[in-house]
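Peer 1: Input structure: upload_34.cif, which contains mmCIF, C-alpha atoms and all ligand atoms.
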data_target
loop_
_atom_site.label_atom_id
_atom_site.label_comp_id
_atom_site.auth_asym_id
_atom_site.auth_seq_id
_atom_site.Cartn_x
_atom_site.Cartn_y
_atom_site.Cartn_z
CA PHE A 15 -17.44 -31.08 -50.44
CA ILE A 16 -15.99 -29.49 -53.59
CA HIS A 17 -12.97 -31.78 -53.34
CA TRP A 18 -13.07 -33.80 -50.15
CA LYS A 19 -9.66 -35.44 -50.57
CA LEU A 20 -7.97 -32.08 -50.86
CA ALA A 21 -9.99 -30.81 -47.92
CA ILE A 22 -8.77 -33.64 -45.67
CA VAL A 23 -5.18 -33.02 -46.70
CA SER A 24 -5.58 -29.31 -45.94
CA LEU A 25 -7.05 -30.11 -42.54
CA LEU A 26 -3.98 -32.18 -41.74
CA LEU A 27 -2.02 -28.93 -41.90
CA ILE A 28 -3.90 -27.44 -38.96
CA PRO A 29 -1.62 -28.97 -36.30
CA PHE A 30 1.39 -27.45 -38.06
CA ILE A 31 -0.17 -24.03 -37.73
CA ALA A 32 -1.51 -24.58 -34.23
CA PHE A 33 1.79 -25.82 -32.82
CA PRO A 34 3.77 -22.56 -33.17
CA ILE A 35 0.76 -20.57 -31.99
CA VAL A 36 0.51 -22.54 -28.77
CA LYS A 37 4.27 -22.70 -28.27
CA VAL A 38 4.81 -18.98 -28.75
CA GLY A 39 1.78 -18.24 -26.59
CA LYS A 40 3.38 -20.06 -23.66
CA VAL A 41 6.65 -18.21 -24.05
CA LEU A 42 4.78 -14.91 -24.30
CA ARG A 43 2.99 -15.59 -21.05
CA LYS A 44 6.28 -16.11 -19.25
CA ILE A 45 7.88 -13.03 -20.77
CA SER A 46 4.81 -10.97 -20.04
CA ARG A 47 4.85 -11.95 -16.38
CA THR A 48 8.49 -11.00 -15.98
CA SER A 49 8.04 -7.76 -17.84
CA GLN A 50 5.17 -6.76 -15.57
CA GLU A 51 7.37 -7.40 -12.56
CA LYS A 52 10.03 -5.22 -14.17
CA MET A 53 7.47 -2.49 -14.80
CA ALA A 54 6.51 -2.60 -11.12
CA ASP A 55 10.20 -2.23 -10.18
CA ILE A 56 10.50 0.79 -12.48
CA ASN A 57 7.41 2.34 -10.94
CA SER A 58 8.58 1.94 -7.38
CA LEU A 59 12.03 3.23 -8.29
CA LEU A 60 10.42 6.31 -9.81
CA VAL A 61 8.16 6.94 -6.82
CA GLU A 62 11.10 6.53 -4.48
CA THR A 63 13.51 8.80 -6.31
CA ILE A 64 10.98 11.49 -7.12
CA ASN A 65 9.76 11.60 -3.54
CA GLY A 66 13.32 11.63 -2.29
CA VAL A 67 14.57 14.12 -4.87
CA ARG A 68 15.95 16.48 -2.22
CA ILE A 69 18.17 13.77 -0.79
CA VAL A 70 19.23 12.66 -4.27
CA LYS A 71 20.29 16.21 -5.14
CA ALA A 72 21.85 16.95 -1.78
CA PHE A 73 24.11 13.91 -2.09
CA CYS A 74 24.82 14.61 -5.78
CA MET A 75 23.47 11.17 -6.58
CA GLU A 76 21.74 12.16 -9.84
CA PRO A 77 24.14 10.14 -12.05
CA TYR A 78 23.78 7.12 -9.76
CA GLU A 79 19.98 7.28 -9.79
CA ILE A 80 19.87 7.94 -13.52
CA ASN A 81 22.06 4.91 -14.05
CA LYS A 82 19.88 2.76 -11.81
CA PHE A 83 16.85 3.89 -13.80
CA ARG A 84 18.62 3.24 -17.08
CA ILE A 85 19.53 -0.32 -16.09
CA GLN A 86 15.98 -1.11 -15.02
CA ASN A 87 14.59 0.51 -18.13
CA GLN A 88 17.00 -1.37 -20.36
CA SER A 89 16.05 -4.73 -18.95
CA TYR A 90 12.38 -3.90 -19.40
CA TYR A 91 13.09 -2.80 -22.97
CA LYS A 92 14.87 -6.08 -23.72
CA LEU A 93 11.97 -8.10 -22.43
CA ALA A 94 9.47 -6.01 -24.38
CA MET A 95 11.55 -6.56 -27.54
CA ARG A 96 11.62 -10.31 -26.94
CA SER A 97 7.89 -10.33 -26.63
CA ILE A 98 7.35 -8.19 -29.73
CA LYS A 99 9.76 -10.28 -31.81
CA ARG A 100 7.93 -13.46 -30.92
CA THR A 101 4.53 -11.97 -31.60
CA LEU A 102 5.63 -10.64 -34.97
CA LEU A 103 7.46 -13.84 -35.94
CA LEU A 104 4.29 -15.80 -35.47
CA SER A 105 2.56 -14.07 -38.34
CA PRO A 106 5.12 -14.91 -41.08
CA ALA A 107 5.35 -18.43 -39.67
CA THR A 108 1.64 -19.12 -39.97
CA GLU A 109 1.57 -17.38 -43.33
CA PHE A 110 4.46 -19.51 -44.57
CA ILE A 111 2.65 -22.69 -43.60
CA GLY A 112 -0.46 -21.36 -45.30
CA ILE A 113 1.41 -20.66 -48.53
CA LEU A 114 3.06 -24.08 -48.38
CA SER A 115 -0.33 -25.67 -48.17
CA GLY A 116 -1.42 -23.54 -51.14
CA VAL A 117 1.55 -24.72 -53.19
CA PHE A 118 0.89 -28.29 -52.22
CA VAL A 119 -2.76 -28.06 -53.20
CA LEU A 120 -1.90 -26.35 -56.48
CA GLY A 121 0.57 -29.13 -57.32
CA TRP A 122 -1.88 -31.91 -56.53
CA ALA A 123 -5.01 -30.35 -57.96
CA GLY A 124 -3.07 -28.93 -60.95
CA LYS A 125 -2.42 -32.48 -62.08
CA ASP A 126 -6.15 -33.30 -61.91
CA VAL A 127 -6.99 -30.14 -63.86
CA ILE A 128 -4.50 -31.01 -66.60
CA SER A 129 -5.79 -34.57 -66.84
CA GLY A 130 -9.33 -33.17 -67.01
CA GLN A 131 -10.60 -34.85 -63.78
CA LEU A 132 -11.21 -31.49 -62.11
CA SER A 133 -12.63 -28.36 -63.67
CA PHE A 134 -10.65 -25.13 -63.43
CA GLY A 135 -13.64 -23.38 -61.93
CA VAL A 136 -13.91 -25.85 -59.07
CA LEU A 137 -10.19 -25.52 -58.31
CA GLY A 138 -10.54 -21.74 -58.22
CA LEU A 139 -13.46 -22.03 -55.83
CA TYR A 140 -11.51 -24.44 -53.62
CA LEU A 141 -8.42 -22.25 -53.49
CA GLY A 142 -10.55 -19.21 -52.77
CA SER A 143 -12.14 -20.98 -49.79
CA LEU A 144 -8.76 -22.19 -48.54
CA PHE A 145 -7.17 -18.74 -48.63
CA SER A 146 -10.14 -17.15 -46.95
CA LEU A 147 -9.38 -19.47 -44.02
CA ILE A 148 -5.87 -18.12 -43.61
CA ARG A 149 -6.92 -14.69 -42.38
CA PRO A 150 -9.07 -15.94 -39.49
CA PHE A 151 -6.25 -18.27 -38.51
CA LYS A 152 -3.82 -15.36 -38.37
CA LYS A 153 -6.29 -13.40 -36.29
CA LEU A 154 -6.69 -16.38 -34.01
CA SER A 155 -2.96 -16.52 -33.42
CA GLN A 156 -2.95 -12.82 -32.47
CA VAL A 157 -5.84 -13.35 -30.11
CA ASN A 158 -3.88 -16.07 -28.42
CA SER A 159 -0.86 -13.78 -27.91
CA ILE A 160 -2.99 -11.07 -26.35
CA ASN A 161 -4.81 -13.63 -24.28
CA GLN A 162 -1.61 -15.10 -22.88
CA GLN A 163 -0.34 -11.65 -21.90
CA ALA A 164 -3.64 -10.85 -20.25
CA LEU A 165 -3.53 -14.16 -18.37
CA ALA A 166 -0.09 -13.28 -17.03
CA ALA A 167 -1.40 -9.90 -15.83
CA ASN A 168 -4.40 -11.65 -14.33
CA GLU A 169 -2.15 -13.95 -12.28
CA ARG A 170 -0.42 -10.95 -10.76
CA ILE A 171 -3.67 -9.20 -9.94
CA TYR A 172 -5.00 -12.30 -8.22
CA GLU A 173 -1.83 -12.65 -6.18
CA VAL A 174 -2.82 -9.37 -4.57
CA LEU A 175 -6.56 -9.99 -4.40
CA ASP A 176 -6.10 -13.46 -2.94
CA ALA A 177 -3.53 -12.43 -0.34
CA PRO A 178 -4.88 -13.54 3.01
CA ILE A 179 -6.54 -10.77 5.01
CA THR A 180 -4.63 -10.55 8.28
CA VAL A 181 -7.19 -8.56 10.23
CA LYS A 182 -10.62 -10.09 9.77
CA GLU A 183 -13.88 -8.83 11.10
CA LYS A 184 -16.07 -11.45 12.75
CA GLU A 185 -19.25 -12.30 10.89
CA ASN A 186 -21.48 -11.41 13.81
CA ALA A 187 -19.30 -8.50 14.95
CA GLY A 188 -21.17 -6.15 17.27
CA GLU A 189 -20.91 -2.41 17.64
CA LEU A 190 -18.46 -1.05 20.19
CA LYS A 191 -20.13 1.57 22.37
CA ARG A 192 -18.31 4.77 23.23
CA ILE A 193 -15.71 3.84 25.85
CA SER A 194 -16.82 4.60 29.39
CA ARG A 195 -14.67 2.52 31.77
CA ASN A 196 -11.30 1.19 30.70
CA ILE A 197 -8.93 -0.41 28.21
CA GLU A 198 -7.02 -3.55 29.18
CA PHE A 199 -4.03 -5.11 27.46
CA LYS A 200 -3.85 -8.76 28.58
CA ASN A 201 -0.85 -11.07 28.03
CA LEU A 202 -0.17 -9.55 24.64
CA ASN A 203 2.47 -11.13 22.43
CA PHE A 204 3.13 -9.97 18.91
CA ARG A 205 5.60 -10.77 16.17
CA TYR A 206 6.04 -9.70 12.55
CA GLU A 207 6.75 -13.04 10.85
CA GLU A 208 9.59 -14.54 12.94
CA LEU A 209 10.68 -11.49 14.89
CA GLU A 210 9.14 -11.16 18.35
CA ILE A 211 8.27 -7.50 18.92
CA LEU A 212 6.03 -7.43 22.00
CA LYS A 213 6.23 -9.84 24.91
CA GLU A 214 3.83 -10.37 27.79
CA ILE A 215 2.29 -6.91 27.73
CA ASN A 216 -0.11 -6.37 30.64
CA PHE A 217 -1.60 -3.08 31.72
CA SER A 218 -4.87 -1.31 32.08
CA VAL A 219 -5.98 2.26 31.52
CA SER A 220 -9.01 4.05 32.88
CA ALA A 221 -11.13 6.13 30.53
CA GLY A 222 -9.93 9.72 30.49
CA GLU A 223 -6.33 8.93 31.53
CA VAL A 224 -3.24 10.06 29.69
CA ILE A 225 -0.76 7.23 29.12
CA ALA A 226 2.73 7.93 27.91
CA ILE A 227 4.74 5.19 26.28
CA VAL A 228 8.49 5.72 26.26
CA GLY A 229 11.53 3.63 25.46
CA PRO A 230 14.44 3.36 23.06
CA SER A 231 13.58 3.41 19.38
CA GLY A 232 12.62 -0.02 18.06
CA SER A 233 11.31 -1.11 21.45
CA GLY A 234 7.80 -1.61 20.04
CA LYS A 235 5.96 1.58 21.05
CA SER A 236 4.25 2.23 17.71
CA THR A 237 3.50 -1.45 17.23
CA LEU A 238 1.73 -1.56 20.60
CA LEU A 239 -0.64 1.21 19.53
CA ASP A 240 -1.09 -0.34 16.05
CA LEU A 241 -2.62 -3.29 17.87
CA LEU A 242 -5.15 -1.04 19.62
CA ALA A 243 -6.48 0.21 16.25
CA ARG A 244 -6.30 -3.39 14.95
CA PHE A 245 -3.90 -2.60 12.13
CA TYR A 246 -2.50 -5.97 13.22
CA ASP A 247 -3.82 -8.66 15.53
CA PRO A 248 -1.64 -10.09 18.29
CA GLN A 249 -0.71 -13.78 18.08
CA LYS A 250 -1.45 -14.18 21.77
CA GLY A 251 -3.44 -12.22 24.31
CA GLU A 252 -6.21 -9.70 23.89
CA ILE A 253 -7.20 -6.07 24.17
CA LEU A 254 -10.46 -5.30 25.94
CA ILE A 255 -12.39 -2.04 25.83
CA ASP A 256 -14.95 -1.87 28.64
CA GLY A 257 -14.48 -5.63 28.96
CA ILE A 258 -15.24 -6.33 25.29
CA ASN A 259 -12.56 -7.97 23.14
CA ILE A 260 -11.82 -5.62 20.24
CA ARG A 261 -11.79 -8.65 17.93
CA ASP A 262 -15.51 -9.13 18.58
CA VAL A 263 -16.61 -5.71 17.34
CA SER A 264 -16.77 -4.16 13.89
CA LEU A 265 -13.64 -2.40 12.66
CA LYS A 266 -15.73 0.66 11.84
CA SER A 267 -17.04 1.04 15.38
CA LEU A 268 -13.57 0.43 16.85
CA ARG A 269 -11.61 2.75 14.57
CA GLY A 270 -14.39 5.32 14.70
CA GLN A 271 -13.45 5.82 18.37
CA ILE A 272 -9.76 6.36 17.72
CA GLY A 273 -8.08 9.51 16.47
CA ILE A 274 -4.46 9.37 15.38
CA VAL A 275 -1.92 12.16 15.08
CA THR A 276 1.55 11.01 14.04
CA GLN A 277 4.84 12.72 13.29
CA GLU A 278 4.28 12.12 9.56
CA THR A 279 0.91 13.74 9.08
CA ILE A 280 -1.04 12.15 6.30
CA LEU A 281 -2.47 14.88 4.10
CA PHE A 282 -3.80 14.68 0.57
CA ASN A 283 -3.38 16.99 -2.39
CA ASP A 284 -6.80 18.47 -1.89
CA SER A 285 -8.24 21.63 -0.33
CA VAL A 286 -7.61 22.56 3.30
CA ARG A 287 -11.33 22.08 3.93
CA ALA A 288 -11.33 18.54 2.45
CA ASN A 289 -8.25 17.60 4.43
CA ILE A 290 -9.75 18.71 7.72
CA SER A 291 -13.17 17.19 7.10
CA TYR A 292 -11.64 13.96 5.78
CA GLY A 293 -14.18 11.17 6.28
CA HIS A 294 -17.13 13.59 6.54
CA THR A 295 -17.71 14.90 3.03
CA ASP A 296 -20.65 17.20 3.76
CA MET A 297 -19.34 18.78 6.95
CA ASP A 298 -20.60 22.29 7.76
CA ILE A 299 -17.88 24.92 7.18
CA LYS A 300 -18.72 26.48 10.57
CA LEU A 301 -17.67 23.29 12.33
CA ILE A 302 -14.50 23.10 10.23
CA GLU A 303 -13.65 26.67 11.18
CA GLU A 304 -14.31 25.99 14.83
CA ALA A 305 -12.01 22.94 14.80
CA SER A 306 -9.33 25.00 13.02
CA ARG A 307 -9.57 27.74 15.63
CA THR A 308 -9.18 25.26 18.47
CA ALA A 309 -6.21 23.71 16.66
CA ASN A 310 -4.48 27.10 16.29
CA ALA A 311 -4.79 26.74 12.54
CA GLN A 312 -7.28 29.50 11.73
CA GLY A 313 -4.53 32.13 11.51
CA PHE A 314 -2.37 30.55 8.83
CA ILE A 315 -5.35 29.18 6.88
CA SER A 316 -6.85 32.67 6.51
CA LYS A 317 -3.52 33.85 5.04
CA LEU A 318 -3.51 31.17 2.35
CA PRO A 319 -4.36 32.49 -1.16
CA ARG A 320 -7.80 30.87 -1.25
CA GLY A 321 -8.35 30.20 2.44
CA TYR A 322 -10.11 26.91 3.10
CA ASP A 323 -10.25 26.19 -0.62
CA THR A 324 -6.47 26.32 -1.11
CA PHE A 325 -4.95 23.14 -2.45
CA ILE A 326 -2.03 22.12 -0.29
CA GLY A 327 0.09 20.11 -2.74
CA ASP A 328 1.13 16.47 -2.64
CA ARG A 329 1.27 15.34 0.99
CA GLY A 330 0.84 18.97 1.97
CA VAL A 331 4.23 20.16 0.65
CA LYS A 332 3.04 23.76 0.49
CA LEU A 333 2.66 23.89 4.29
CA SER A 334 5.25 23.91 7.06
CA GLY A 335 5.60 20.95 9.40
CA GLY A 336 3.79 22.72 12.22
CA GLU A 337 0.97 23.81 9.90
CA ARG A 338 0.49 20.28 8.64
CA GLN A 339 0.40 19.08 12.20
CA ARG A 340 -2.28 21.62 13.14
CA LEU A 341 -4.42 20.52 10.18
CA ALA A 342 -4.11 16.96 11.44
CA ILE A 343 -5.17 18.10 14.90
CA ALA A 344 -8.17 19.98 13.48
CA ARG A 345 -9.10 16.81 11.61
CA ALA A 346 -8.91 14.78 14.82
CA LEU A 347 -10.97 17.41 16.69
CA LEU A 348 -13.68 17.20 14.08
CA LYS A 349 -13.78 13.42 14.34
CA ASN A 350 -14.13 13.84 18.12
CA PRO A 351 -12.90 10.37 19.10
CA PRO A 352 -12.88 9.28 22.76
CA ILE A 353 -9.49 7.60 22.30
CA LEU A 354 -6.50 9.44 20.95
CA ILE A 355 -3.16 8.12 19.75
CA LEU A 356 -0.34 10.65 19.52
CA ASP A 357 2.75 9.11 17.98
CA GLU A 358 5.70 11.50 18.42
CA ALA A 359 3.34 14.22 17.22
CA THR A 360 5.68 17.12 17.98
CA SER A 361 9.06 15.45 17.56
CA GLN A 362 9.96 17.07 14.25
CA LEU A 363 9.06 20.63 15.11
CA ASP A 364 11.17 23.55 16.24
CA THR A 365 10.55 24.93 19.72
CA GLU A 366 8.26 27.73 18.56
CA SER A 367 5.94 25.57 16.46
CA GLU A 368 6.16 22.83 19.05
CA ARG A 369 4.65 25.21 21.58
CA ILE A 370 1.79 26.19 19.27
CA VAL A 371 1.15 22.58 18.29
CA GLN A 372 1.41 21.45 21.90
CA ASP A 373 -1.27 24.02 22.87
CA ALA A 374 -3.48 22.64 20.12
CA LEU A 375 -2.79 19.11 21.28
CA ASN A 376 -3.71 20.01 24.84
CA MET A 377 -7.08 21.22 23.57
CA LEU A 378 -7.48 18.01 21.59
CA MET A 379 -6.57 15.80 24.57
CA ARG A 380 -9.23 17.27 26.84
CA GLY A 381 -11.71 14.65 28.04
CA ARG A 382 -10.19 11.83 26.04
CA THR A 383 -8.22 8.68 26.79
CA VAL A 384 -4.83 9.46 25.34
CA PHE A 385 -1.95 7.19 24.37
CA MET A 386 1.10 9.28 23.74
CA ILE A 387 4.42 8.16 22.35
CA ALA A 388 7.03 10.80 22.99
CA HIS A 389 10.68 10.93 22.36
CA ARG A 390 11.16 14.13 24.31
CA LEU A 391 10.55 13.09 27.86
CA SER A 392 9.73 16.62 29.00
CA THR A 393 6.34 16.22 27.31
CA VAL A 394 5.37 13.07 29.22
CA ARG A 395 5.84 14.42 32.69
CA GLY A 396 2.16 15.27 33.19
CA ALA A 397 0.90 11.83 32.09
CA ASP A 398 -1.19 9.84 34.56
CA LYS A 399 0.82 6.74 33.83
CA ILE A 400 4.10 6.18 32.04
CA ILE A 401 4.93 2.82 30.50
CA VAL A 402 8.59 2.15 29.79
CA LEU A 403 9.20 -0.38 27.03
CA ASP A 404 12.51 -2.07 26.34
CA LYS A 405 12.97 -4.73 23.64
CA GLY A 406 9.23 -5.38 23.59
CA ARG A 407 8.76 -5.79 27.34
CA ILE A 408 7.31 -3.41 29.90
CA VAL A 409 10.23 -2.80 32.23
CA GLN A 410 8.73 0.01 34.33
CA MET A 411 5.32 1.54 34.86
CA GLY A 412 4.11 4.39 37.05
CA SER A 413 3.90 8.13 37.42
CA HIS A 414 6.80 10.42 36.60
CA GLN A 415 7.57 10.86 40.29
CA ASP A 416 7.63 7.09 40.92
CA LEU A 417 9.85 6.39 37.96
CA ILE A 418 12.31 9.22 38.31
CA SER A 419 13.05 8.35 41.90
CA ALA A 420 13.79 4.71 41.06
CA GLU A 421 16.94 3.38 39.44
CA GLY A 422 16.01 2.18 35.99
CA LEU A 423 15.67 2.82 32.28
CA TYR A 424 13.38 5.83 32.71
CA ARG A 425 15.88 7.64 34.89
CA ARG A 426 18.68 6.77 32.48
CA LEU A 427 16.66 8.10 29.53
CA TRP A 428 16.14 11.38 31.39
CA GLN A 429 19.83 11.62 32.10
CA MET A 430 20.64 10.96 28.44
CA GLN A 431 18.41 13.86 27.44
CA ASN A 432 20.15 16.07 29.99
CA LEU A 433 16.92 16.91 31.67
CA GLU A 434 16.82 18.08 35.21
CA ILE A 435 15.83 15.30 37.57
CA LYS A 436 13.33 16.44 40.14
P1 LIG A 501 9.24 2.10 18.20
O1 LIG A 501 7.94 2.75 17.93
O2 LIG A 501 9.45 1.80 19.67
O3 LIG A 501 10.43 2.82 17.65
P2 LIG A 501 8.26 0.07 16.45
O4 LIG A 501 7.04 -0.43 17.12
O5 LIG A 501 8.09 1.02 15.33
O6 LIG A 501 9.25 0.67 17.54
O7 LIG A 501 9.10 -1.15 15.92
C1 LIG A 501 9.48 -2.24 16.74
C2 LIG A 501 10.25 -3.25 15.91
O8 LIG A 501 9.42 -3.80 14.92
C3 LIG A 501 11.46 -2.67 15.20
O9 LIG A 501 12.54 -3.54 15.41
C4 LIG A 501 11.05 -2.64 13.75
O10 LIG A 501 12.17 -2.91 12.95
C5 LIG A 501 10.04 -3.74 13.66
N1 LIG A 501 8.99 -3.46 12.65
C6 LIG A 501 8.18 -2.37 12.63
N2 LIG A 501 7.29 -2.44 11.62
C7 LIG A 501 7.53 -3.61 10.98
C8 LIG A 501 6.95 -4.30 9.85
N3 LIG A 501 5.91 -3.78 9.18
N4 LIG A 501 7.46 -5.49 9.50
C9 LIG A 501 8.49 -6.04 10.19
N5 LIG A 501 9.09 -5.46 11.25
C10 LIG A 501 8.62 -4.27 11.65
#
For this file, produce the structure as structure tokens.
Ligand code: ADP
Peer 2:
Amino acid sequence: FIHWKLAIVSLLLIPFIAFPIVKVGKVLRKISRTSQEKMADINSLLVETINGVRIVKAFCMEPYEINKFRIQNQSYYKLAMRSIKRTLLLSPATEFIGILSGVFVLGWAGKDVISGQLSFGVLGLYLGSLFSLIRPFKKLSQVNSINQQALAANERIYEVLDAPITVKEKENAGELKRISRNIEFKNLNFRYEELEILKEINFSVSAGEVIAIVGPSGSGKSTLLDLLARFYDPQKGEILIDGINIRDVSLKSLRGQIGIVTQETILFNDSVRANISYGHTDMDIKLIEEASRTANAQGFISKLPRGYDTFIGDRGVKLSGGERQRLAIARALLKNPPILILDEATSQLDTESERIVQDALNMLMRGRTVFMIAHRLSTVRGADKIIVLDKGRIVQMGSHQDLISAEGLYRRLWQMQNLEIK
């Protein structure tokens, strides 16, 4: 209103300021996306090398790993610099356009002031208003940069959040009652992406039986038991517990019935007590102690500096393999599940700890339906039923006596382990 002609001319400059802001914003979004991917690479490299530091040192691979880290770091640094340069260039660019407009206005309005058409006071007021616009514009351009970077981060977060859930619970999923009769695997076929892992699996297990699953490594033993806990769903076929399809019941009621002890025990950097009572935060210490006693763990726990309150380090590094295993067994005892999955639970132990852990396992197995994957065949001899898997198919099934007296993979596996055949 002070000088409408000048105002219109100044407004015409807006596109010149907006153009670089929008342009740079787009570039920033792209750079930001790539740099976040790079950051993720750096993080996983760090986790991998720090976790595997013993192997790195043992193979004298420090220079190699350092170099790998340096390369990743360097490429992240370059990207970060590109992004910073563009952000910082934007400010002088918008400022330059602002000053240009100031010069232009001064030139035009200066003439009017000299010829007396415009008072000096009004010009001053106009210029003051114009310059006070520049600062918000600069701020706006910064907001856009930050916004674009945030949008790039947002895209990555949503990639994860929107990933399809592979194992879905039915809307009207019922509760699975404690198993009383049997578990049936019917015409099960399973593949990870293209690769067929399990083919035409058919067998049934009565409640309370011990089932051993043996076979060469990669034959699908762990995958078969992953399907029972519904970590994956089969593409074809079904698993029934007491005649009820496990897809029709809630995950909580299904998994609540299953205890798992694997060769890599999953422990957390927390107290012994918290690790054993995992999943039951307010568990009575008496029950925890009882489970530890049954799991042959009471002895070593009482020797720890702070007993049940001792922190056991990341993934339980301050404990031996056998001790970790016994904690895992105590945890499973406390959960008291009717179904138990033992995945090579004693395969990494020496003979002495294997015996102690095996005793604990025997206590744990009592009165439960047990699926046991064992590499050492001597441990499967007592199983009620042995399933022999080869390349995803059941090639033999029966008791130890049946299988050992027949020609077949089971007998060959025994011979390979130099075990006495009887
Ligand atoms: P086993 O327990 O008998 O050694 P697994 O059930 O662990 O065998 O694996 C069977 C096959 O499935 C292997 O060939 C393995 O490479 C493949 N496999 C296992 N887990 C995955 C996965 N998450 N994605 C793709 N393939 C997998």
Peer 1: How many Å lie between CA of Ile45 (chain A) and CA of Glu169 (chain A), rounded to one decimal?
Peer 2: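 Answer for the CA of Ile45 (chain A) to CA of Glu169 (chain A) separation: 13.2 Å.
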Peer 1: Can I get the residues close to ligand LIG 501 (chain A) as a PyMOL selection string, where close means within 12 Å and we count only C-alpha atoms and all ligand atoms?
Peer 2: chain A and resi 204-213+227-241+245-246+276-277+356-358+386-389+401-408
Peer 1: What's around region 297-303 of chain A at 12 Å? Count all atoms listed in the file, leave out sequence neighbours fewer than 2 positions away in its own chain, and write the answer as a ChimeraX atom specification.
Peer 2: /A:286-295,305-313,315-316,321-323,341,343-350
Peer 1: Create the file for the chosen residues now, containing C-alpha atoms and written as a PDB file, keeping the file's coordinate frame.
Peer 2:
ATOM      1  CA  VAL A 286      -7.610  22.560   3.300  1.00  0.00           C
ATOM      2  CA  ARG A 287     -11.330  22.080   3.930  1.00  0.00           C
ATOM      3  CA  ALA A 288     -11.330  18.540   2.450  1.00  0.00           C
ATOM      4  CA  ASN A 289      -8.250  17.600   4.430  1.00  0.00           C
ATOM      5  CA  ILE A 290      -9.750  18.710   7.720  1.00  0.00           C
ATOM      6  CA  SER A 291     -13.170  17.190   7.100  1.00  0.00           C
ATOM      7  CA  TYR A 292     -11.640  13.960   5.780  1.00  0.00           C
ATOM      8  CA  GLY A 293     -14.180  11.170   6.280  1.00  0.00           C
ATOM      9  CA  HIS A 294     -17.130  13.590   6.540  1.00  0.00           C
ATOM     10  CA  THR A 295     -17.710  14.900   3.030  1.00  0.00           C
ATOM     11  CA  ALA A 305     -12.010  22.940  14.800  1.00  0.00           C
ATOM     12  CA  SER A 306      -9.330  25.000  13.020  1.00  0.00           C
ATOM     13  CA  ARG A 307      -9.570  27.740  15.630  1.00  0.00           C
ATOM     14  CA  THR A 308      -9.180  25.260  18.470  1.00  0.00           C
ATOM     15  CA  ALA A 309      -6.210  23.710  16.660  1.00  0.00           C
ATOM     16  CA  ASN A 310      -4.480  27.100  16.290  1.00  0.00           C
ATOM     17  CA  ALA A 311      -4.790  26.740  12.540  1.00  0.00           C
ATOM     18  CA  GLN A 312      -7.280  29.500  11.730  1.00  0.00           C
ATOM     19  CA  GLY A 313      -4.530  32.130  11.510  1.00  0.00           C
ATOM     20  CA  ILE A 315      -5.350  29.180   6.880  1.00  0.00           C
ATOM     21  CA  SER A 316      -6.850  32.670   6.510  1.00  0.00           C
ATOM     22  CA  GLY A 321      -8.350  30.200   2.440  1.00  0.00           C
ATOM     23  CA  TYR A 322     -10.110  26.910   3.100  1.00  0.00           C
ATOM     24  CA  ASP A 323     -10.250  26.190  -0.620  1.00  0.00           C
ATOM     25  CA  LEU A 341      -4.420  20.520  10.180  1.00  0.00           C
ATOM     26  CA  ILE A 343      -5.170  18.100  14.900  1.00  0.00           C
ATOM     27  CA  ALA A 344      -8.170  19.980  13.480  1.00  0.00           C
ATOM     28  CA  ARG A 345      -9.100  16.810  11.610  1.00  0.00           C
ATOM     29  CA  ALA A 346      -8.910  14.780  14.820  1.00  0.00           C
ATOM     30  CA  LEU A 347     -10.970  17.410  16.690  1.00  0.00           C
ATOM     31  CA  LEU A 348     -13.680  17.200  14.080  1.00  0.00           C
ATOM     32  CA  LYS A 349     -13.780  13.420  14.340  1.00  0.00           C
ATOM     33  CA  ASN A 350     -14.130  13.840  18.120  1.00  0.00           C
TER      34      ASN A 350
END
Peer 1: Just to confirm, what's the straight-line distance from CA of Phe134 (chain A) to CA of Ser146 (chain A) in Å (one decimal)?
Peer 2: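 It comes out at 18.3 Å.
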Peer 1: Just the residues within 8 Å of region 154-165 of chain A, please, counting all atoms listed in the file, with nothing from its chain fewer than 6 positions along; format it as a ChimeraX atom specification.
Peer 2: /A:35-36,38-40,42-43,46-47,101,104-105
Peer 1: Pick the closest to Ile215 (chain A) from A:Ile113, A:Ile98, A:Ile128, A:Met411: which is it, counting all atoms listed in the file?
Peer 2: A:Met411
Peer 1: Taking 2 positions as the minimum chain separation for residues in the same chain, which residues sit within 9 Å of Lys182 (chain A) when counting all atoms listed in the file? Answer as an mmCIF file with C-alpha atoms, in the coordinates of the input.
Peer 2:
data_model
loop_
_atom_site.group_PDB
_atom_site.id
_atom_site.type_symbol
_atom_site.label_atom_id
_atom_site.label_comp_id
_atom_site.auth_asym_id
_atom_site.auth_seq_id
_atom_site.Cartn_x
_atom_site.Cartn_y
_atom_site.Cartn_z
ATOM 1 C CA ILE A 179 -6.540 -10.770 5.010
ATOM 2 C CA THR A 180 -4.630 -10.550 8.280
ATOM 3 C CA LYS A 184 -16.070 -11.450 12.750
ATOM 4 C CA GLU A 185 -19.250 -12.300 10.890
ATOM 5 C CA ARG A 261 -11.790 -8.650 17.930
ATOM 6 C CA LEU A 265 -13.640 -2.400 12.660
#
Peer 1: If you measure from CA of Ile400 (chain A) to CA of Val384 (chain A), what distance in Å do you get, rounded to one decimal?
Peer 2: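 Those two atoms sit 11.6 Å apart.
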Peer 1: Just checking: using all atoms listed in the file, which residue out of A:Ile16, A:Ile258, A:Leu417, A:Val67 ends up closest to Gly135 (chain A)?
Peer 2: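 The answer is A:Ile16, which sits nearest to Gly135 (chain A).
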Peer 1: Write out as a list of chain:residue names the residues lying within 12 Å of Gln431 (chain A), counting only C-alpha atoms and excluding same-chain residues fewer than 6 positions away.
Peer 2: A:His389, A:Arg390, A:Leu391, A:Ser392, A:Tyr424, A:Arg425
